[in-house]
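Participant: Contents of my_file.txt (compact mmCIF, C-alpha atoms) are given next:
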```
# COMPACT_ATOMS: atom_id res chain seq x y z
CA MET U 1 0.64 -4.22 -3.84
CA LEU U 2 2.21 -4.85 -0.52
CA SER U 3 2.00 -2.12 2.11
CA ILE U 4 5.75 -1.85 1.68
CA ALA U 5 5.42 -0.52 -1.90
CA HIS U 6 2.41 1.72 -1.22
CA GLY U 7 3.85 3.19 1.96
CA LEU U 8 7.27 3.84 0.51
CA THR U 9 5.88 5.44 -2.64
CA GLY U 10 3.64 7.68 -0.53
CA ALA U 11 6.56 8.68 1.69
CA LEU U 12 8.66 9.55 -1.36
CA ILE U 13 5.98 11.69 -2.98
CA ALA U 14 5.17 13.52 0.26
CA SER U 15 8.83 14.18 1.02
CA LYS U 16 9.57 15.47 -2.51
CA ILE U 17 6.37 17.54 -2.81
CA PRO U 18 6.02 19.23 0.60
CA ASN U 19 2.67 20.91 -0.13
CA PRO U 20 0.00 18.46 1.09
CA ILE U 21 -2.61 20.01 -1.20
CA LEU U 22 -0.54 18.66 -4.10
CA SER U 23 1.06 15.60 -2.56
CA ILE U 24 -1.99 13.95 -0.99
CA PRO U 25 -3.92 13.56 -4.28
CA LEU U 26 -0.74 12.32 -5.97
CA VAL U 27 -0.14 9.77 -3.23
CA LEU U 28 -3.74 8.53 -3.51
CA ALA U 29 -3.44 8.31 -7.29
CA SER U 30 -0.17 6.39 -6.94
CA HIS U 31 -1.93 3.77 -4.80
CA PHE U 32 -4.48 3.01 -7.50
CA LEU U 33 -1.90 3.17 -10.29
CA GLU U 34 0.35 0.73 -8.45
CA ASP U 35 -2.61 -1.59 -7.95
CA ARG U 36 -3.12 -1.63 -11.74
CA VAL U 37 0.27 -3.33 -12.14
CA PRO U 38 -0.13 -7.12 -11.88
CA HIS U 39 1.28 -8.02 -8.48
CA TRP U 40 1.17 -10.45 -5.59
CA ASP U 41 0.19 -9.38 -2.08
CA VAL U 42 -0.89 -10.89 1.23
CA GLY U 43 -4.55 -10.77 0.16
CA GLN U 44 -3.81 -13.06 -2.79
CA GLY U 45 -6.30 -15.91 -2.71
CA LEU U 46 -8.93 -14.27 -0.50
CA SER U 47 -11.54 -13.94 -3.24
CA SER U 48 -11.07 -17.56 -4.33
CA GLN U 49 -11.02 -18.64 -0.67
CA LYS U 50 -7.63 -20.35 -1.15
CA LYS U 51 -6.42 -18.27 1.77
CA SER U 52 -8.30 -17.53 4.94
CA LYS U 53 -9.02 -13.98 6.03
CA GLN U 54 -7.26 -14.73 9.30
CA THR U 55 -4.05 -15.81 7.52
CA ALA U 56 -4.07 -12.71 5.30
CA PHE U 57 -4.78 -10.45 8.28
CA PHE U 58 -1.89 -11.86 10.31
CA GLN U 59 0.49 -11.70 7.34
CA GLU U 60 -0.42 -8.05 6.89
CA LEU U 61 -0.32 -7.21 10.59
CA PHE U 62 2.93 -8.98 11.49
CA PHE U 63 4.92 -8.88 8.24
CA ASP U 64 3.94 -6.40 5.56
CA PHE U 65 2.71 -3.51 7.72
CA PRO U 66 5.64 -3.43 10.19
CA ILE U 67 8.20 -3.78 7.39
CA SER U 68 6.62 -0.82 5.60
CA ILE U 69 7.06 1.28 8.76
CA LEU U 70 10.65 0.11 9.19
CA ILE U 71 11.59 0.87 5.59
CA VAL U 72 10.05 4.35 5.68
CA TYR U 73 11.97 4.99 8.89
CA LEU U 74 15.25 3.74 7.39
CA PHE U 75 14.87 5.62 4.10
CA PHE U 76 13.39 8.90 5.33
CA GLN U 77 13.80 9.35 9.06
CA MET U 78 16.84 7.58 10.51
CA GLY U 79 19.50 10.01 11.67
CA ARG U 80 17.39 13.04 10.83
CA PRO U 81 15.13 15.37 12.78
CA PHE U 82 11.52 14.21 12.77
CA ASP U 83 9.73 15.03 9.51
CA TRP U 84 5.97 14.42 9.42
CA ARG U 85 5.71 14.48 5.60
CA PRO U 86 7.01 10.96 4.86
CA TRP U 87 4.74 9.59 7.58
CA LEU U 88 1.73 11.43 6.15
CA GLY U 89 2.64 10.05 2.72
CA TRP U 90 2.98 6.56 4.20
CA PHE U 91 -0.46 6.83 5.82
CA ILE U 92 -2.19 8.27 2.76
CA GLY U 93 -0.45 5.69 0.57
CA LEU U 94 -2.08 2.96 2.63
CA LEU U 95 -5.40 4.74 3.24
CA PRO U 96 -7.32 2.97 0.45
CA ASP U 97 -6.40 -0.38 2.01
CA PHE U 98 -7.35 0.89 5.47
CA ILE U 99 -10.74 2.01 4.12
CA GLU U 100 -11.31 -1.37 2.49
CA PHE U 101 -10.40 -3.31 5.65
CA PRO U 102 -13.96 -3.38 7.12
CA TYR U 103 -15.32 -4.63 3.79
CA LEU U 104 -12.77 -7.42 3.42
CA PHE U 105 -12.28 -8.59 6.97
CA LEU U 106 -15.34 -7.55 8.98
CA ASN U 107 -18.02 -8.12 6.32
CA HIS U 108 -19.17 -4.52 6.65
CA ARG U 109 -21.08 -3.81 3.46
CA GLY U 110 -22.23 -0.20 3.94
CA SER U 111 -23.02 1.51 0.66
CA MET U 112 -20.06 3.93 0.67
CA ILE U 113 -17.54 1.25 1.62
CA LYS U 114 -19.06 -1.13 -0.92
CA LYS U 115 -18.75 1.47 -3.71
CA PHE U 116 -15.19 2.19 -2.70
CA ALA U 117 -14.34 -1.53 -2.53
CA THR U 118 -15.84 -2.04 -6.00
CA PHE U 119 -13.64 0.73 -7.42
CA HIS U 120 -10.57 -0.54 -5.58
CA THR U 121 -11.22 -4.08 -6.85
CA TRP U 122 -11.56 -2.72 -10.38
CA CYS U 123 -8.11 -1.10 -10.03
CA HIS U 124 -6.55 -4.22 -8.58
CA ARG U 125 -4.60 -6.59 -10.83
CA SER U 126 -3.07 -9.58 -9.17
CA THR U 127 -1.08 -12.62 -10.13
CA PRO U 128 -0.67 -15.83 -8.14
CA ASP U 129 2.95 -16.12 -9.29
CA ARG U 130 4.98 -14.76 -6.39
CA PHE U 131 8.14 -14.07 -8.38
CA TRP U 132 6.42 -12.04 -11.13
CA GLY U 133 4.09 -10.53 -8.55
CA ILE U 134 6.84 -9.32 -6.22
CA LEU U 135 9.27 -8.24 -8.97
CA PRO U 136 7.43 -4.98 -9.83
CA GLN U 137 7.33 -4.13 -6.13
CA VAL U 138 11.07 -4.68 -5.78
CA LEU U 139 11.54 -2.41 -8.78
CA ILE U 140 9.40 0.25 -7.07
CA LEU U 141 11.56 -0.02 -3.94
CA LEU U 142 14.72 0.36 -6.01
CA LEU U 143 13.27 3.34 -7.88
CA VAL U 144 12.29 5.04 -4.62
CA LEU U 145 15.78 4.43 -3.25
CA LEU U 146 17.27 6.04 -6.36
CA LEU U 147 14.89 9.02 -6.26
CA LYS U 148 15.13 9.56 -2.53
```
Would you write out, as structure tokens, the structure that this file holds?

Facilitator:
Amino acid sequence: MLSIAHGLTGALIASKIPNPILSIPLVLASHFLEDRVPHWDVGQGLSSQKKSKQTAFFQELFFDFPISILIVYLFFQMGRPFDWRPWLGWFIGLLPDFIEFPYLFLNHRGSMIKKFATFHTWCHRSTPDRFWGILPQVLILLLVLLLK
């Protein structure tokens, strides 16, 4: 999934369930459940080497990641006093991707990161079709907007 979907889902869960002992595991679980849905993301094509790591990194850094921050701000923070819970949810929602970053982009193959990356890859279902790959993510955004 794009950071936009993961971050927004995490922000929603953390804002609706204010106890971090409950919300953090739910946000982490949501990340892996969302990755089970066939989707398209900026990493599409890395494993087949149809896309360079540099291209995927810059798409994530300059498109997906900043938009996820902007949308969480617009949905949960704009015009309100600062609330740390949506931001914690955003961070935890993206944490599995942050953990996998050294494995994917820096070729760090330490045993713990490699085990985590293997699990994360097992959870991941992707499709090269952008329309059908982005559609479930748009539906997630709409659902979050309705539940907000």

Participant: For each of U:His31, U:Arg36, U:Arg109, U:Arg80, take the minimum atom-to-atom distance to Pro96 (chain U), counting all atoms listed in the file, then give the residue where this is smallest.

Facilitator: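 Smallest separation from Pro96 (chain U) among the options: U:His31.
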
Participant: Could you state the separation of CA of Phe98 (chain U) and CA of Ile113 (chain U) in Å, given to one decimal place?

Facilitator: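 Separating CA of Phe98 (chain U) from CA of Ile113 (chain U) is a distance of 10.9 Å.
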
Participant: Could you jot down the CA of Ser52 (chain U) to CA of Gly10 (chain U) separation for me, Å, one decimal place?

Facilitator: 28.4 Å

Participant: Mind pulling up the distance from CA of Leu26 (chain U) to CA of Ile99 (chain U)?

Facilitator: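 We find that CA of Ile99 (chain U) and CA of Leu26 (chain U) lie 17.6 Å from each other.
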
Participant: With all atoms listed in the file as the counted atoms, please give the residues lying no more than 12 Å from Thr121 (chain U), apart from itself and same-chain residues fewer than 3 positions off, as a list in words.

Facilitator: Phe32, Asp35, Arg36, Gly43, Ser47, Pro96, Asp97, Glu100, Tyr103, Leu104, Ile113, Lys114, Lys115, Phe116, Ala117, Thr118, His124, Arg125 and Ser126 of chain U

Participant: Which of these, U:Leu145, U:Phe75, U:Met112, U:Ser68, has the shortest distance to Leu94 (chain U) once you count all atoms listed in the file?

Facilitator: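 When distances to Leu94 (chain U) are compared using all atoms listed in the file, the smallest one comes from U:Ser68.
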